[in-house]
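These notes are about the structure you will find just below.
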Protein chains: 2
Amino acid sequence: MVKPTDSTALPTPKRSRRGSGAVTLHDVARLAAVAPITASRALNTPDQVSPEVRQRVAEAVAALGYVRNHQAGALASARSRLVAAVVPTLSGPVFGPMLQALTEALAGQGYQLMLGQSGYVDSREDALLDAIIGRRPDGIVLTGVMRSPEGRRRLLACGIPVVETWDLSPDPLDLLVGFSHAEVGRAVARFLAARGRRQLAVVAGDDERSQRREQAFCRAAAELGLPQVRVIRVPAPTTLQSGRRALAQWCAEGPPVEAVFCSSDLLALGVLTEAQARGLSVPQALAVVGFGDQDFAADLNPALSSVRIDGQAMGRQAAQWVVDRAEGRAIAERVVDLGFSLIERSST
Amino acid sequence: MVKPTDSTALPTPKRSRRGSGAVTLHDVARLAAVAPITASRALNTPDQVSPEVRQRVAEAVAALGYVRNHQAGALASARSRLVAAVVPTLSGPVFGPMLQALTEALAGQGYQLMLGQSGYVDSREDALLDAIIGRRPDGIVLTGVMRSPEGRRRLLACGIPVVETWDLSPDPLDLLVGFSHAEVGRAVARFLAARGRRQLAVVAGDDERSQRREQAFCRAAAELGLPQVRVIRVPAPTTLQSGRRALAQWCAEGPPVEAVFCSSDLLALGVLTEAQARGLSVPQALAVVGFGDQDFAADLNPALSSVRIDGQAMGRQAAQWVVDRAEGRAIAERVVDLGFSLIERSST
DNA sequence: ATGAAAGCGCTAACAT
DNA sequence: ATGTTAGCGCTTTCAT
């Protein structure tokens, strides 16, 4: 038995920091009989070490059950491999596909997603920013564009790549992938007018982007010489119930509505449901258009016409940009307009 | 001009690390004329410093636009204030409320959420674990229980608090908040039988938890002396379309179904939609029960009976546990059964 | 291809 | 209440 030699005159380790007890890269290196830095290279840049060493390190890792400490690595290399995403809410299904694609694309390249919820209120976005920047992510993906000047300043100052999404903007902070909400509103208005609908209505969430669609829709209707559009605003996130109530209200008073543009598919489902409950036939008496083209839209009865947005493509683009920046690659385009498509189904 | 003195014998600062250029706590401390650790305390434990110093540090922070570096803090204190959550998918709406509540509860206490997607396949869960553990979160929230023995071992070994959710299990890894899927299945079968329905059917996702509900449902039906339950399995995540197809298939062959238990509200909406398309009256000819009691269930026409799960409560409980552990507080109960409620509406 | 030294920015432990 | 010192675990820079 080899007892740890009680070295008589060793400079006694005065302070003892508990040191989490976990196995570190140094332990791996010792077992593999190499310097720590070599073990590091064996894991991060395997081509830089001999196959022999690579092998020994791999064995040591397995033997000790080593799991790298990314936090330490991040501090030393100033690259956290963490990407922050900010969404208004997780409760609606709208941002799911984008987040899913984002998470997956990032995971595939060794990055991890940090999630923040801003609510639909700008003030909370600012508070979140501190929490996020403090974690030094390699990128920040925003849902919508950053409006608050204070927020913009902070983001610019911290030097972290920022991707704004779900919108277009004349002056992006940094990178931007999205589509034009105004275009959507116009397209839907023209679409309905072209099908002979004159008395249009819109039910929209009270968030900024829904309102831009709503306003463009109304303006386009006016330009087409249609009667005043009937508008109902409902709290975001939107619900089926709000959709039902909107149609109920329109039916209760005022001129009969011939077509409704809903700022979400859920609202549209509400309108469809209320129409069915009232014996209003869709699309004969009432045309309905949703927004988002969620999974269920195509299979409703009647199938729901909707505006399709490619959330997954947005997520993938954002991931690509962030990783490219982190790896120091040049970025060709800094703004991508993904557009949208108006899918015509039997509800119109 | 001062040229860099070619110091003949100075111990030349040989290495220069670029040091990210950001303002650090040391800069703040210098400006406030205190030691770095004092500045640290002024920010983290304000009661430990004099109001005067607190004030000076606050001014310095503002003047320099300092944002703390959590990564460095995490390394030094072995507390990352990061919590990892693993969900099968973000695409469905099912986990939204839990994640939302979790994120919010954590944010309120200075913690941030890291998100991982496992898919519905166990193998990916293992790979994710490495990425997560490597980031040294202060807690890991799992959707469902961890089955893979390898995964269990890793989680146990790393010493990070783990909360399993959305399920009950005889041998929780650590902490567990959920409900019994078997109980749900039984309750729904009894509920339908009590209303005189005899020919039952179930359409269920092919994930493990849906199947446990399905199986308990079938067993209970058998025990009640009902005819063989008709079962259709569909891929998770479940869709409206799968629901429509299931009902269509039942109508096409075999004895007429009198009641359906769907493993999600979306499936139920599909069944409702198909029933309406076929002129099958709900609840007269067909009773329908969903699962999840999502927002829209109550406002469908007919209103959907469903099994209500309190996802937000799960999120809050998980957050509470993780933070308690991180702050070193004792934990009273390590298992919480949140139960469920069967909400009866007009679809039955 | 491998290694030695020096930190990254912060905080725990030990003073005073 | 404040300061000194010594790291946390890793990777950079420079040297061989």
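Residue numbering restarts at 1 for every chain of the structure tokens, chains are lettered A, B, ... in their displayed order, and ligands are numbered from 1 as they appear.
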
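For chain B and chain A, which have identical sequences, superposing all Cα atoms of the second on the first gives an RMSD of 1.5 Å.
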
Please build the interface table for chain A against chain D with a cut-off of 7 Å, listing for each qualifying residue the nearest atom pair and the distance in Å to one decimal; count only C-alpha atoms (C1' of nucleotides), order rows by chain and increasing number, and write it as CSV.
residue,atom,partner,partner_atom,distance
A:Gly19,CA,D:DC8,C1',6.8
A:Thr24,CA,D:DG9,C1',6.9
A:Asn69,CA,D:DG9,C1',6.9
A:Ala72,CA,D:DC10,C1',4.9
A:Gly73,CA,D:DC10,C1',4.7
A:Ala76,CA,D:DT11,C1',5.3
A:Ser77,CA,D:DT11,C1',5.9

- Task: Please identify every residue of chain A that has at least one atom no more than 8 Å from any atom of chain B, counting only C-alpha atoms, and report them as JSON, numbers by chain.
- Result: {"A": [20, 22, 67, 68, 69, 70, 71, 72, 74, 75, 78, 89, 90, 91, 92, 93, 96, 97, 99, 100, 103, 104, 110, 112, 113, 114, 115, 116, 117, 130, 131, 133, 134, 135, 136, 239, 240, 241, 270, 273, 274, 277, 295, 296, 299, 300, 301]}

For this session: Using only C-alpha atoms (C1' of nucleotides), select each residue of chain C with any atom at most 12 Å away from an atom of chain B, and give the selection as JSON, numbers by chain.
Result: {"C": [4, 5, 6, 7, 8, 9, 10, 11, 12, 13]}

Which parts of stretch 70-292 of chain B does DSSP call strand (DSSP E) when run on the backbone here, written out as a PyMOL selection string? chain B and resi 82-87+112-117+139-143+162-165+175-178+200-205+230-234+259-262+287-292

For the selection you just gave me, I'd like the residues written to a file as an mmCIF file, in the first residue's frame, keeping C-alpha atoms.
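Saved to out28.cif:
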data_model
loop_
_atom_site.group_PDB
_atom_site.id
_atom_site.type_symbol
_atom_site.label_atom_id
_atom_site.label_comp_id
_atom_site.auth_asym_id
_atom_site.auth_seq_id
_atom_site.Cartn_x
_atom_site.Cartn_y
_atom_site.Cartn_z
ATOM 1 C CA LEU B 82 -29.580 28.162 -14.768
ATOM 2 C CA VAL B 83 -32.278 25.523 -14.788
ATOM 3 C CA ALA B 84 -32.661 23.044 -17.598
ATOM 4 C CA ALA B 85 -36.012 21.806 -18.835
ATOM 5 C CA VAL B 86 -36.457 18.909 -21.195
ATOM 6 C CA VAL B 87 -39.647 18.537 -23.198
ATOM 7 C CA GLN B 112 -32.998 31.454 -16.188
ATOM 8 C CA LEU B 113 -34.365 28.533 -18.153
ATOM 9 C CA MET B 114 -32.389 26.408 -20.583
ATOM 10 C CA LEU B 115 -34.493 24.393 -22.958
ATOM 11 C CA GLY B 116 -33.858 21.018 -24.498
ATOM 12 C CA GLN B 117 -36.012 18.938 -26.801
ATOM 13 C CA GLY B 139 -31.634 21.905 -11.507
ATOM 14 C CA ILE B 140 -33.090 19.757 -14.258
ATOM 15 C CA VAL B 141 -36.789 19.536 -14.948
ATOM 16 C CA LEU B 142 -37.812 16.499 -16.923
ATOM 17 C CA THR B 143 -41.073 15.977 -18.748
ATOM 18 C CA VAL B 162 -33.875 16.598 -10.781
ATOM 19 C CA VAL B 163 -37.604 17.152 -10.987
ATOM 20 C CA GLU B 164 -39.635 14.643 -12.926
ATOM 21 C CA THR B 165 -43.049 15.866 -14.021
ATOM 22 C CA LEU B 175 -38.243 15.032 -6.916
ATOM 23 C CA LEU B 176 -41.516 14.303 -8.644
ATOM 24 C CA VAL B 177 -44.662 16.254 -9.385
ATOM 25 C CA GLY B 178 -47.376 14.822 -11.538
ATOM 26 C CA LEU B 200 -66.102 2.617 -26.065
ATOM 27 C CA ALA B 201 -63.167 3.627 -28.194
ATOM 28 C CA VAL B 202 -59.873 5.352 -27.591
ATOM 29 C CA VAL B 203 -57.506 7.189 -29.871
ATOM 30 C CA ALA B 204 -54.124 7.680 -28.274
ATOM 31 C CA GLY B 205 -50.698 8.994 -29.123
ATOM 32 C CA ARG B 230 -61.715 -0.178 -30.018
ATOM 33 C CA VAL B 231 -58.233 1.315 -30.045
ATOM 34 C CA ILE B 232 -56.376 3.425 -32.553
ATOM 35 C CA ARG B 233 -52.811 4.532 -32.003
ATOM 36 C CA VAL B 234 -51.514 7.612 -33.737
ATOM 37 C CA ALA B 259 -68.000 7.178 -26.805
ATOM 38 C CA VAL B 260 -64.402 8.138 -27.528
ATOM 39 C CA PHE B 261 -61.596 9.012 -25.169
ATOM 40 C CA CYS B 262 -58.951 11.054 -26.957
ATOM 41 C CA ALA B 287 -69.738 11.147 -26.538
ATOM 42 C CA VAL B 288 -66.270 12.672 -26.715
ATOM 43 C CA VAL B 289 -63.723 13.266 -23.968
ATOM 44 C CA GLY B 290 -60.441 15.064 -24.498
ATOM 45 C CA PHE B 291 -57.295 15.351 -22.445
ATOM 46 C CA GLY B 292 -55.474 18.466 -21.345
#

Check your understanding: Could you write out, as a PyMOL selection string, all the residues of stretch 145-345 of chain A that DSSP marks as alpha helix (DSSP H)?
Key -> chain A and resi 149-158+181-194+208-223+240-252+265-278+311-326

inquiry  = Using only C-alpha atoms (C1' of nucleotides), which protein or nucleic acid residues come within 12 Å of B:Ala39? Drop anything in the same chain fewer than 3 positions from it, and give the result as a PyMOL selection string.
reply    = (chain B and resi 24-36+42-46+48-50+52-61+66+68) or (chain C and resi 10-11) or (chain D and resi 2-3)

Between A:Ala319, A:Ala187, A:Leu224, A:Ala236, smallest distance to A:Val307 by only C-alpha atoms belongs to A:Ala187

Residues near A:Arg308, anyone? I mean within 9 Å using only C-alpha atoms (C1' of nucleotides), not counting same-chain ones fewer than 5 positions away, as a ChimeraX atom specification. /A:291-294,340-343

Pick out the residues sitting within 10 Å of A:Ala330, and hand them over as a PyMOL selection string; count only C-alpha atoms (C1' of nucleotides), and ignore anything fewer than 4 positions along from it in its own chain. chain A and resi 321+324-325

Give me the residues near B:Glu208 as an MDAnalysis selection string, where near means some atom within 12 Å (using only C-alpha atoms (C1' of nucleotides)) and where sequence neighbours in that chain fewer than 3 positions away do not count.
chainID B and resid 88 120:122 143:147 166:167 181:182 204:205 211:215 233 235:237 263
